[in-house]
Each structure stands twice: as structure tokens, then as C-alpha cells.
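Visitor: Data file coords.txt (compact mmCIF, C-alpha atoms) is appended below.
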```
# COMPACT_ATOMS: atom_id res chain seq x y z
CA MET A 1 -1.82 6.89 -21.39
CA ILE A 2 -1.96 6.39 -17.62
CA SER A 3 -4.75 8.06 -15.64
CA LEU A 4 -4.35 8.47 -11.89
CA PHE A 5 -7.52 8.92 -9.86
CA GLY A 6 -6.55 10.25 -6.44
CA ALA A 7 -3.63 12.56 -5.72
CA GLY A 8 -3.25 12.22 -1.96
CA GLU A 9 -0.04 11.08 -0.30
CA MET A 10 -0.12 7.59 -1.80
CA GLY A 11 -1.29 8.80 -5.20
CA GLU A 12 1.48 11.37 -5.39
CA ALA A 13 4.07 8.78 -4.37
CA LEU A 14 2.98 6.54 -7.24
CA LEU A 15 2.94 9.52 -9.59
CA ALA A 16 6.50 10.44 -8.59
CA GLY A 17 7.58 6.84 -9.16
CA LEU A 18 6.09 6.83 -12.65
CA VAL A 19 7.92 10.01 -13.59
CA ARG A 20 11.22 8.80 -12.12
CA SER A 21 10.96 5.51 -14.01
CA GLY A 22 10.85 7.31 -17.35
CA HIS A 23 7.15 7.88 -18.05
CA ALA A 24 6.78 11.20 -19.82
CA PRO A 25 4.55 13.66 -17.91
CA GLU A 26 2.43 14.14 -21.01
CA GLU A 27 1.60 10.41 -20.83
CA ILE A 28 0.05 10.80 -17.37
CA LEU A 29 -3.30 12.38 -16.53
CA VAL A 30 -4.37 13.15 -12.98
CA VAL A 31 -7.87 13.56 -11.63
CA GLU A 32 -7.69 16.16 -8.86
CA PRO A 33 -10.69 18.43 -8.32
CA ARG A 34 -8.86 20.92 -6.07
CA ALA A 35 -7.44 23.60 -8.36
CA GLU A 36 -4.59 24.53 -6.03
CA ARG A 37 -3.51 20.90 -5.64
CA ALA A 38 -3.78 20.31 -9.39
CA GLU A 39 -1.52 23.30 -10.03
CA GLU A 40 0.98 22.00 -7.47
CA LEU A 41 1.17 18.61 -9.22
CA LYS A 42 1.57 20.30 -12.60
CA TRP A 43 4.45 22.40 -11.25
CA LYS A 44 6.21 19.47 -9.55
CA TYR A 45 5.75 16.76 -12.19
CA GLY A 46 4.58 18.43 -15.39
CA VAL A 47 1.34 16.41 -15.49
CA THR A 48 -2.10 17.64 -16.44
CA ALA A 49 -5.19 17.49 -14.24
CA VAL A 50 -8.39 16.67 -16.12
CA ALA A 51 -11.99 15.70 -15.48
CA PRO A 52 -12.77 12.04 -14.69
CA ARG A 53 -14.50 11.44 -18.02
CA HIS A 54 -11.54 12.68 -20.06
CA ALA A 55 -9.09 10.69 -17.94
CA ALA A 56 -11.13 7.52 -18.48
CA GLU A 57 -11.52 8.01 -22.23
CA ALA A 58 -7.81 8.62 -22.78
CA ALA A 59 -6.39 5.84 -20.58
CA ASP A 60 -5.07 2.41 -21.40
CA THR A 61 -4.22 2.03 -17.69
CA VAL A 62 -6.17 3.46 -14.76
CA LEU A 63 -4.78 3.73 -11.22
CA ILE A 64 -7.46 4.16 -8.55
CA VAL A 65 -6.01 5.56 -5.34
CA VAL A 66 -9.08 6.93 -3.56
CA ARG A 67 -10.70 6.15 -0.23
CA PRO A 68 -12.94 3.06 -0.28
CA GLN A 69 -16.08 5.08 0.41
CA HIS A 70 -15.58 6.94 -2.89
CA VAL A 71 -14.91 3.92 -5.10
CA ALA A 72 -18.48 3.01 -6.11
CA GLU A 73 -19.33 6.55 -7.19
CA LEU A 74 -16.08 6.87 -9.13
CA LEU A 75 -16.53 3.55 -10.93
CA ASP A 76 -20.09 4.46 -11.93
CA GLU A 77 -18.84 7.77 -13.32
CA ILE A 78 -16.01 6.39 -15.43
CA ALA A 79 -17.48 3.01 -16.51
CA PRO A 80 -19.16 4.31 -19.70
CA HIS A 81 -15.95 6.00 -20.85
CA LEU A 82 -13.31 3.30 -20.39
CA GLY A 83 -12.02 1.41 -23.40
CA PRO A 84 -12.68 -2.36 -23.40
CA ASP A 85 -8.98 -3.20 -22.98
CA CYS A 86 -8.19 -0.61 -20.31
CA LEU A 87 -6.37 -2.11 -17.30
CA VAL A 88 -7.77 -0.97 -13.96
CA VAL A 89 -5.42 -1.12 -10.97
CA SER A 90 -7.25 -0.46 -7.70
CA ALA A 91 -5.49 0.45 -4.45
CA ALA A 92 -8.74 1.11 -2.56
CA ALA A 93 -8.43 -0.64 0.81
CA GLY A 94 -10.70 -3.63 1.30
CA ILE A 95 -12.47 -3.36 -2.07
CA PRO A 96 -12.49 -6.75 -3.90
CA SER A 97 -11.63 -6.88 -7.58
CA ARG A 98 -14.93 -8.63 -8.32
CA PHE A 99 -16.76 -5.52 -7.06
CA VAL A 100 -14.74 -3.33 -9.44
CA GLU A 101 -15.33 -5.76 -12.30
CA ARG A 102 -19.07 -5.87 -11.72
CA ARG A 103 -19.37 -2.10 -11.37
CA LEU A 104 -17.46 -1.44 -14.58
CA GLY A 105 -19.17 -4.19 -16.57
CA GLY A 106 -17.79 -6.38 -19.32
CA GLU A 107 -14.68 -8.56 -19.02
CA ARG A 108 -12.58 -5.80 -17.59
CA PRO A 109 -8.98 -6.59 -16.56
CA VAL A 110 -8.70 -5.55 -12.90
CA ILE A 111 -5.76 -5.85 -10.51
CA ARG A 112 -6.10 -5.20 -6.81
CA VAL A 113 -3.03 -3.76 -5.10
CA MET A 114 -2.10 -2.96 -1.51
CA PRO A 115 0.87 -0.56 -1.40
CA ASN A 116 2.30 0.85 1.82
CA THR A 117 3.58 4.30 2.77
CA PRO A 118 7.33 3.62 2.30
CA VAL A 119 6.61 3.97 -1.42
CA LEU A 120 7.22 7.65 -0.56
CA VAL A 121 10.94 6.84 -0.19
CA GLU A 122 11.07 4.11 -2.86
CA SER A 123 11.14 1.37 -0.22
CA GLY A 124 7.54 0.26 -0.39
CA MET A 125 5.85 -3.08 -0.79
CA SER A 126 3.00 -3.50 -3.25
CA VAL A 127 1.01 -6.73 -3.07
CA ILE A 128 -0.91 -7.36 -6.31
CA SER A 129 -3.71 -9.82 -7.02
CA PRO A 130 -5.23 -10.49 -10.46
CA GLY A 131 -8.93 -10.33 -11.19
CA ARG A 132 -10.84 -12.87 -13.27
CA HIS A 133 -9.95 -11.33 -16.64
CA THR A 134 -6.31 -10.44 -15.95
CA THR A 135 -3.56 -11.87 -18.14
CA GLU A 136 0.19 -12.24 -17.61
CA GLU A 137 0.68 -9.16 -19.76
CA HIS A 138 -1.57 -7.15 -17.44
CA LEU A 139 0.45 -8.35 -14.44
CA ARG A 140 3.66 -7.35 -16.19
CA ARG A 141 2.28 -3.87 -16.76
CA ALA A 142 1.25 -3.55 -13.14
CA ARG A 143 4.70 -4.62 -11.94
CA HIS A 144 6.27 -2.09 -14.30
CA LEU A 145 4.08 0.67 -12.85
CA LEU A 146 4.74 -0.19 -9.20
CA SER A 147 8.34 -1.42 -9.10
CA PRO A 148 9.90 2.10 -9.20
CA VAL A 149 8.59 2.71 -5.65
CA GLY A 150 9.61 -0.60 -4.06
CA ARG A 151 9.13 -4.34 -4.20
CA VAL A 152 6.13 -6.02 -5.85
CA ILE A 153 4.83 -9.47 -4.96
CA LEU A 154 1.94 -11.49 -6.35
CA LEU A 155 -0.60 -13.17 -4.06
CA ASP A 156 -4.05 -14.70 -4.48
CA GLU A 157 -6.72 -12.17 -3.60
CA GLU A 158 -7.91 -14.23 -0.64
CA CYS A 159 -4.67 -13.08 1.05
CA GLN A 160 -5.24 -9.37 0.45
CA ASP A 161 -6.84 -8.62 3.83
CA ALA A 162 -3.88 -10.28 5.53
CA ALA A 163 -1.51 -8.39 3.23
CA THR A 164 -3.16 -5.16 4.31
CA ALA A 165 -2.38 -6.06 7.92
CA LEU A 166 1.13 -7.44 7.33
CA SER A 167 2.31 -4.83 4.83
CA GLY A 168 -0.10 -1.96 4.28
CA SER A 169 -0.52 -1.09 7.96
CA ALA A 170 2.78 -2.53 9.18
CA PRO A 171 4.98 0.58 8.96
CA ALA A 172 2.87 2.12 11.73
CA TYR A 173 3.64 -0.82 14.02
CA PHE A 174 7.36 -0.28 13.59
CA PHE A 175 6.99 3.49 13.97
CA TYR A 176 5.25 2.86 17.30
CA VAL A 177 7.98 0.54 18.59
CA ILE A 178 10.77 2.87 17.43
CA GLU A 179 9.00 5.87 18.95
CA ASN A 180 8.83 4.20 22.35
CA MET A 181 12.40 2.90 22.22
CA ILE A 182 13.60 6.45 21.60
CA LYS A 183 11.48 7.67 24.52
CA ALA A 184 13.02 4.99 26.74
CA GLY A 185 16.48 6.17 25.72
CA ASN A 186 15.55 9.74 26.61
CA GLU A 187 14.32 8.62 30.01
CA LEU A 188 17.65 6.85 30.57
CA GLY A 189 19.50 10.09 29.86
CA VAL A 190 20.48 9.57 26.22
CA PRO A 191 20.11 12.69 24.03
CA GLU A 192 17.23 12.32 21.57
CA GLU A 193 19.35 12.52 18.41
CA ALA A 194 21.75 9.85 19.68
CA ALA A 195 18.87 7.62 20.81
CA ARG A 196 17.21 7.99 17.42
CA ASP A 197 20.41 7.08 15.57
CA MET A 198 21.01 4.01 17.74
CA VAL A 199 17.45 2.71 17.43
CA LEU A 200 17.23 3.26 13.67
CA GLN A 201 20.57 1.58 13.08
CA ALA A 202 19.52 -1.35 15.26
CA ALA A 203 16.32 -1.71 13.21
CA GLU A 204 18.21 -1.55 9.91
CA GLY A 205 20.80 -4.01 11.20
CA ALA A 206 18.17 -6.48 12.37
CA VAL A 207 16.49 -6.47 8.96
CA ALA A 208 19.87 -6.84 7.24
CA MET A 209 20.71 -9.86 9.42
CA ILE A 210 17.41 -11.57 8.62
CA ARG A 211 17.86 -10.98 4.88
CA GLY A 212 21.58 -11.71 4.87
CA THR A 213 21.64 -14.88 6.94
CA GLY A 214 18.35 -16.43 5.84
CA GLU A 215 17.83 -17.52 9.45
CA PRO A 216 14.36 -17.33 11.05
CA PRO A 217 13.93 -14.24 13.27
CA GLY A 218 13.34 -16.48 16.29
CA ALA A 219 16.67 -18.26 15.77
CA LEU A 220 18.51 -14.95 15.48
CA ARG A 221 16.82 -13.67 18.62
CA GLU A 222 17.93 -16.75 20.54
CA SER A 223 21.49 -16.43 19.22
CA VAL A 224 21.89 -12.95 20.73
CA THR A 225 20.08 -13.73 24.00
CA SER A 226 22.73 -14.89 26.45
CA PRO A 227 21.41 -16.58 29.62
CA GLY A 228 21.27 -14.07 32.45
CA GLY A 229 22.35 -11.20 30.21
CA THR A 230 20.88 -7.81 29.36
CA THR A 231 19.04 -9.02 26.24
CA GLN A 232 17.40 -11.84 28.17
CA ALA A 233 16.19 -9.33 30.76
CA ALA A 234 14.60 -7.28 27.99
CA VAL A 235 13.08 -10.22 26.11
CA THR A 236 11.70 -11.72 29.32
CA THR A 237 9.94 -8.43 30.02
CA LEU A 238 8.45 -8.40 26.52
CA VAL A 239 7.18 -11.95 26.98
CA ASP A 240 5.78 -11.24 30.45
CA GLU A 241 3.98 -8.14 29.17
CA GLY A 242 2.37 -10.13 26.35
CA VAL A 243 3.95 -8.09 23.56
CA GLY A 244 4.00 -11.03 21.14
CA ARG A 245 0.30 -11.69 21.69
CA ALA A 246 -0.47 -7.98 21.30
CA VAL A 247 1.37 -7.85 17.97
CA ARG A 248 -0.57 -10.83 16.62
CA GLU A 249 -3.84 -9.32 17.80
CA ALA A 250 -2.95 -6.01 16.14
CA VAL A 251 -2.34 -7.75 12.82
CA GLU A 252 -5.61 -9.66 13.14
CA ALA A 253 -7.46 -6.41 13.92
CA ALA A 254 -6.09 -4.73 10.78
CA ALA A 255 -7.06 -7.73 8.62
CA ARG A 256 -10.53 -7.76 10.17
CA ARG A 257 -10.94 -4.05 9.45
CA SER A 258 -9.92 -4.59 5.82
CA ARG A 259 -12.69 -7.17 5.47
CA GLU A 260 -15.16 -4.80 7.14
CA LEU A 261 -14.31 -2.04 4.67
CA GLY A 262 -15.05 -4.39 1.80
CA GLU A 263 -18.37 -5.33 3.34
CA ARG A 264 -19.28 -1.75 4.12
CA TYR A 265 -18.35 -0.02 0.90
CA ALA A 266 -18.51 -2.83 -1.64
CA GLY A 267 -21.55 -4.44 -0.09
CA GLU A 268 -20.12 -7.96 -0.17
CA PRO A 269 -18.13 -10.29 2.08
CA GLY A 270 -14.39 -9.76 2.56
CA THR A 271 -11.80 -11.83 0.79
CA GLY A 272 -10.07 -13.42 3.76
CA PRO A 273 -10.10 -17.18 4.35
CA ASP A 274 -12.59 -16.83 7.20
CA ALA A 275 -14.87 -14.35 5.46
```
Once you've parsed the file, please lay out its structure as C-alpha cells.
Guide:
Amino acid sequence: MISLFGAGEMGEALLAGLVRSGHAPEEILVVEPRAERAEELKWKYGVTAVAPRHAAEAADTVLIVVRPQHVAELLDEIAPHLGPDCLVVSAAAGIPSRFVERRLGGERPVIRVMPNTPVLVESGMSVISPGRHTTEEHLRRARHLLSPVGRVILLDEECQDAATALSGSAPAYFFYVIENMIKAGNELGVPEEAARDMVLQAAEGAVAMIRGTGEPPGALRESVTSPGGTTQAAVTTLVDEGVGRAVREAVEAAARRSRELGERYAGEPGTGPDA
């Protein structure tokens, strides 16, 4: 039995992935205190919403997809009711696995995961890190749970704050760039729909070239930047405006915030290399 704690946007995306991958709805319990939302999930996926205690008692795998400020209270509530072999997969931003382990007590298998919002369209990235009592079998189960909504990679937990910045928050960076490219097209007289299609195809093509050629992004950029040409004019402007530096600072700010969340809500230092 899989018990999902948290049925927001990310929680529902993971729920949908579980159902699509062949998990029977009767094998999934959802903790959702809002009656209207619980009824919506039952209608869409056939799952049952239950109280936290019942979800904990019945589960062999628990997925925690709640805001970090609610994690401590939730763990305290379910700790007495979890079986000793229950796998706990936590997607709470910034919360270290050692905090979850300590709060639950015993040698509990815990896996920390950072998914990102493209899991909604089955194109997500989930970065998983094992806790102290996690085995290869536990990692296999976690991959099986998360792979229906995108790619899954394994990293040491000390990289999780960086993973939050590079993957968890990253779609917003690209949305921002795409948004402003479309606006620039509008200002140049291109209809919005046409500008959107051109920009999205350019983004998809750029990713396909990086994956397909195996070349570093910098090398590909140089290969399409002819001296004195239009691309050089654009890239020079980006360099002069400090866009590269701003991107790096944005990633660092997201990683720093992930560490701060761990310190604030888990009451212990972050997991980054400079924590």
C-alpha cells in the first residue's frame, strides 16, 4: 500500500503517475483534509482519502509531499503508526533525511527527493538521495514510483540543495526567459502565437542538439555565432548585460534558500558543501 501525504499540484502529479504506471487505485491512500478536494481526487483517480493515522498504519511506502513548515508536525503524528519496514520518501524542500529519521525514530529507511513541476507532463526530473538506513531495494522502489513522471537520478544528499536550484526551481528560469523572448517578438511586430511557436521550437531544438551531439553548450553556442552576425550581436548584449552572472547568482540564491528552509523548519544546518 502506498500512502500519499499532500495532494497539491506536485502530490497530484505523482498520484497521476502512479495510476498511469499500473498501480491500482485501491492500493493508494491519500491524506487530504479538504472534503471537496478529497472527493475530486476520488472521482479523477479512484483513490480513497483517509486520516493520517490510517494511512500510516496501512502503508509499506509513504510519500510526503507537504510544505516544509508542516513536516515536523506530520512526522510526529504518523511516527507511532508506521511499520518498522515502511519506506518514507520525502519531497519536502530543504528538509534533510536525518531530520526525518530522527523524528520517526528507529532505523527507518528514508529517501529524500527533489522533483520539479514538469512531472505534471511526465517530463520531470526527480533527484533522489538515500538516508542512512536505505538499501538498494529501497532505491529501486523509489525509482519505480517516480519514473512514470520523468527521469530519476541518484545523488549524495550533500548535493540536494544544489539540485533544488538546478532542477527543482529551474523550470521557472526557463519560463522567465521564454516569456521575455515572446514579449520581444511582440514588440518587433510578430504575432504572439507565431512568436510563441518560434521560441518554444528554438528551446526544444537547443536541448535536442545538446543531447544529440554530446557537445558542451558553450561549444554549440560558439559554432552558431558567426563573427559580425546577428547571433553575435545578441550574445554580446547578453554578456554586456551580465546575464551569465545573473543566472549563476540566481542558482546560488535558490540553493541558499533550500539550506535556509532546512535550518528554519528542521532546526539543523543545511546539507550543502558550505553549510
Visitor: Would you mind telling me which residue in A:Ala255, A:Ala79, A:Val89, A:Ile2 lies nearest to Gly168 of chain A when using all atoms listed in the file?
Guide: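 Among the listed residues, the smallest separation from Gly168 of chain A belongs to A:Ala255.
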Visitor: Just the number, please: distance in Å from atom CA of Pro118 of chain A to atom CA of Ala56 of chain A, one decimal.
Guide: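 Taking atom CA of Pro118 of chain A and atom CA of Ala56 of chain A, their separation equals 28.1 Å.
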Visitor: Counting all atoms listed in the file, figure out which residue out of A:Ala49, A:Leu87, A:Asp156, A:Met181 gets nearest to Ala35 of chain A.
Guide: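 Result for the nearest residue to Ala35 of chain A: A:Ala49.
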Visitor: Which residues, written as a PyMOL selection string, have at least one atom at most 10 Å from segment 36-45 of chain A, with all atoms listed in the file counted and residues fewer than 3 positions away on the same chain left out?
Guide: chain A and resi 7-8+12+15-16+18-20+24-26+28+30-33+48-50
Visitor: Those residues you just picked out, can you put them in a file as a short mmCIF file (atom, residue, chain, number, x, y, z; two decimals), keeping the file's coordinate frame with C-alpha atoms?
Guide:
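Written output follows (again_21.cif):
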```cif
data_model
loop_
_atom_site.label_atom_id
_atom_site.label_comp_id
_atom_site.auth_asym_id
_atom_site.auth_seq_id
_atom_site.Cartn_x
_atom_site.Cartn_y
_atom_site.Cartn_z
CA ALA A 7 -3.63 12.56 -5.72
CA GLY A 8 -3.25 12.22 -1.96
CA GLU A 12 1.48 11.37 -5.39
CA LEU A 15 2.94 9.52 -9.59
CA ALA A 16 6.50 10.44 -8.59
CA LEU A 18 6.09 6.83 -12.65
CA VAL A 19 7.92 10.01 -13.59
CA ARG A 20 11.22 8.80 -12.12
CA ALA A 24 6.78 11.20 -19.82
CA PRO A 25 4.55 13.66 -17.91
CA GLU A 26 2.43 14.14 -21.01
CA ILE A 28 0.05 10.80 -17.37
CA VAL A 30 -4.37 13.15 -12.98
CA VAL A 31 -7.87 13.56 -11.63
CA GLU A 32 -7.69 16.16 -8.86
CA PRO A 33 -10.69 18.43 -8.32
CA THR A 48 -2.10 17.64 -16.44
CA ALA A 49 -5.19 17.49 -14.24
CA VAL A 50 -8.39 16.67 -16.12
#
```
Visitor: For Asp197 of chain A, list every protein, DNA or RNA residue within 12 Å, evaluated using all atoms listed in the file, and leave out those in the same chain fewer than 4 positions away; present the list as a list of chain:residue names.
Guide: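 Neighbouring residues, sequence-local ones excluded: A:Ile178, A:Glu179, A:Met181, A:Ile182, A:Gly185, A:Val190, A:Pro191, A:Glu192, A:Glu193, A:Gln201, A:Ala202, A:Ala203, A:Glu204, A:Gly205.
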Visitor: Please give the centre and size of the box around segment 165-176 of chain A (axis-aligned, containing every atom listed in the file, 3 Å added per side), with values in Å to one decimal and written as JSON.
Guide:
```
{"center_x": 2.5, "center_y": -2.0, "center_z": 10.8, "size_x": 15.7, "size_y": 16.9, "size_z": 19.0}
```
Visitor: Quick one: residues within 12 Å of Gln160 of chain A, all atoms listed in the file, excluding same-chain residues fewer than 6 positions away - as an MDAnalysis selection string?
Guide: chainID A and resid 91:97 111:115 126:130 153:154 166:168 254:259 262 270:273 275
Visitor: For segment 100-108 of chain A, find every residue with an atom within 12 Å (counting only C-alpha atoms), except residues of its own chain fewer than 6 positions away, and show them as a count of residues only.
Guide: 41
Visitor: Of the candidates A:Ala165, A:Glu241, A:Leu63, A:Gln69, which shows the shortest atom-to-atom distance to Glu263 of chain A, using all atoms listed in the file?
Guide: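 That would be A:Gln69, the residue with the smallest distance to Glu263 of chain A.
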Visitor: Interatomic distance between atom CA of Gly6 of chain A and atom CA of Ala51 of chain A?
Guide: 11.9 Å
Visitor: May I ask which of the residues A:Val243, A:Val199, A:Gly22, A:Leu146 is the closest one to Asn186 of chain A, counting all atoms listed in the file?
Guide: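 Closest residue, counting all atoms listed in the file: A:Val199.
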Visitor: Please rebuild segment 2-15 of chain A with N, CA, C and O atoms and return the result as a PDB file, in the coordinates of the input.
Guide:
```pdb
ATOM      1  N   ILE A   2      -1.644   6.827 -18.978  1.00  0.00           N
ATOM      2  CA  ILE A   2      -1.960   6.390 -17.620  1.00  0.00           C
ATOM      3  C   ILE A   2      -2.783   7.482 -16.951  1.00  0.00           C
ATOM      4  O   ILE A   2      -2.392   8.653 -16.958  1.00  0.00           O
ATOM      5  N   SER A   3      -3.912   7.105 -16.362  1.00  0.00           N
ATOM      6  CA  SER A   3      -4.750   8.060 -15.640  1.00  0.00           C
ATOM      7  C   SER A   3      -4.777   7.694 -14.169  1.00  0.00           C
ATOM      8  O   SER A   3      -5.106   6.562 -13.814  1.00  0.00           O
ATOM      9  N   LEU A   4      -4.417   8.659 -13.328  1.00  0.00           N
ATOM     10  CA  LEU A   4      -4.350   8.470 -11.890  1.00  0.00           C
ATOM     11  C   LEU A   4      -5.532   9.164 -11.232  1.00  0.00           C
ATOM     12  O   LEU A   4      -5.665  10.387 -11.328  1.00  0.00           O
ATOM     13  N   PHE A   5      -6.369   8.372 -10.579  1.00  0.00           N
ATOM     14  CA  PHE A   5      -7.520   8.920  -9.860  1.00  0.00           C
ATOM     15  C   PHE A   5      -7.187   8.933  -8.373  1.00  0.00           C
ATOM     16  O   PHE A   5      -7.160   7.897  -7.718  1.00  0.00           O
ATOM     17  N   GLY A   6      -6.919  10.117  -7.841  1.00  0.00           N
ATOM     18  CA  GLY A   6      -6.550  10.250  -6.440  1.00  0.00           C
ATOM     19  C   GLY A   6      -5.131  10.737  -6.295  1.00  0.00           C
ATOM     20  O   GLY A   6      -4.192  10.021  -6.642  1.00  0.00           O
ATOM     21  N   ALA A   7      -4.960  11.963  -5.806  1.00  0.00           N
ATOM     22  CA  ALA A   7      -3.630  12.560  -5.720  1.00  0.00           C
ATOM     23  C   ALA A   7      -3.285  12.925  -4.285  1.00  0.00           C
ATOM     24  O   ALA A   7      -2.681  13.969  -4.027  1.00  0.00           O
ATOM     25  N   GLY A   8      -3.670  12.046  -3.352  1.00  0.00           N
ATOM     26  CA  GLY A   8      -3.250  12.220  -1.960  1.00  0.00           C
ATOM     27  C   GLY A   8      -1.812  11.780  -1.805  1.00  0.00           C
ATOM     28  O   GLY A   8      -1.052  11.688  -2.770  1.00  0.00           O
ATOM     29  N   GLU A   9      -1.429  11.465  -0.576  1.00  0.00           N
ATOM     30  CA  GLU A   9      -0.040  11.080  -0.300  1.00  0.00           C
ATOM     31  C   GLU A   9       0.379   9.857  -1.102  1.00  0.00           C
ATOM     32  O   GLU A   9       1.426   9.844  -1.745  1.00  0.00           O
ATOM     33  N   MET A  10      -0.455   8.810  -1.078  1.00  0.00           N
ATOM     34  CA  MET A  10      -0.120   7.590  -1.800  1.00  0.00           C
ATOM     35  C   MET A  10      -0.162   7.819  -3.304  1.00  0.00           C
ATOM     36  O   MET A  10       0.712   7.359  -4.049  1.00  0.00           O
ATOM     37  N   GLY A  11      -1.183   8.526  -3.768  1.00  0.00           N
ATOM     38  CA  GLY A  11      -1.290   8.800  -5.200  1.00  0.00           C
ATOM     39  C   GLY A  11      -0.106   9.585  -5.715  1.00  0.00           C
ATOM     40  O   GLY A  11       0.441   9.289  -6.785  1.00  0.00           O
ATOM     41  N   GLU A  12       0.333  10.587  -4.956  1.00  0.00           N
ATOM     42  CA  GLU A  12       1.480  11.370  -5.390  1.00  0.00           C
ATOM     43  C   GLU A  12       2.756  10.534  -5.391  1.00  0.00           C
ATOM     44  O   GLU A  12       3.611  10.697  -6.265  1.00  0.00           O
ATOM     45  N   ALA A  13       2.893   9.645  -4.406  1.00  0.00           N
ATOM     46  CA  ALA A  13       4.070   8.780  -4.370  1.00  0.00           C
ATOM     47  C   ALA A  13       4.148   7.910  -5.611  1.00  0.00           C
ATOM     48  O   ALA A  13       5.221   7.744  -6.214  1.00  0.00           O
ATOM     49  N   LEU A  14       3.009   7.358  -6.018  1.00  0.00           N
ATOM     50  CA  LEU A  14       2.980   6.540  -7.240  1.00  0.00           C
ATOM     51  C   LEU A  14       3.247   7.395  -8.472  1.00  0.00           C
ATOM     52  O   LEU A  14       3.953   6.970  -9.395  1.00  0.00           O
ATOM     53  N   LEU A  15       2.699   8.597  -8.476  1.00  0.00           N
ATOM     54  CA  LEU A  15       2.940   9.520  -9.590  1.00  0.00           C
ATOM     55  C   LEU A  15       4.433   9.837  -9.705  1.00  0.00           C
ATOM     56  O   LEU A  15       5.012   9.795 -10.805  1.00  0.00           O
TER      57      LEU A  15
END
```
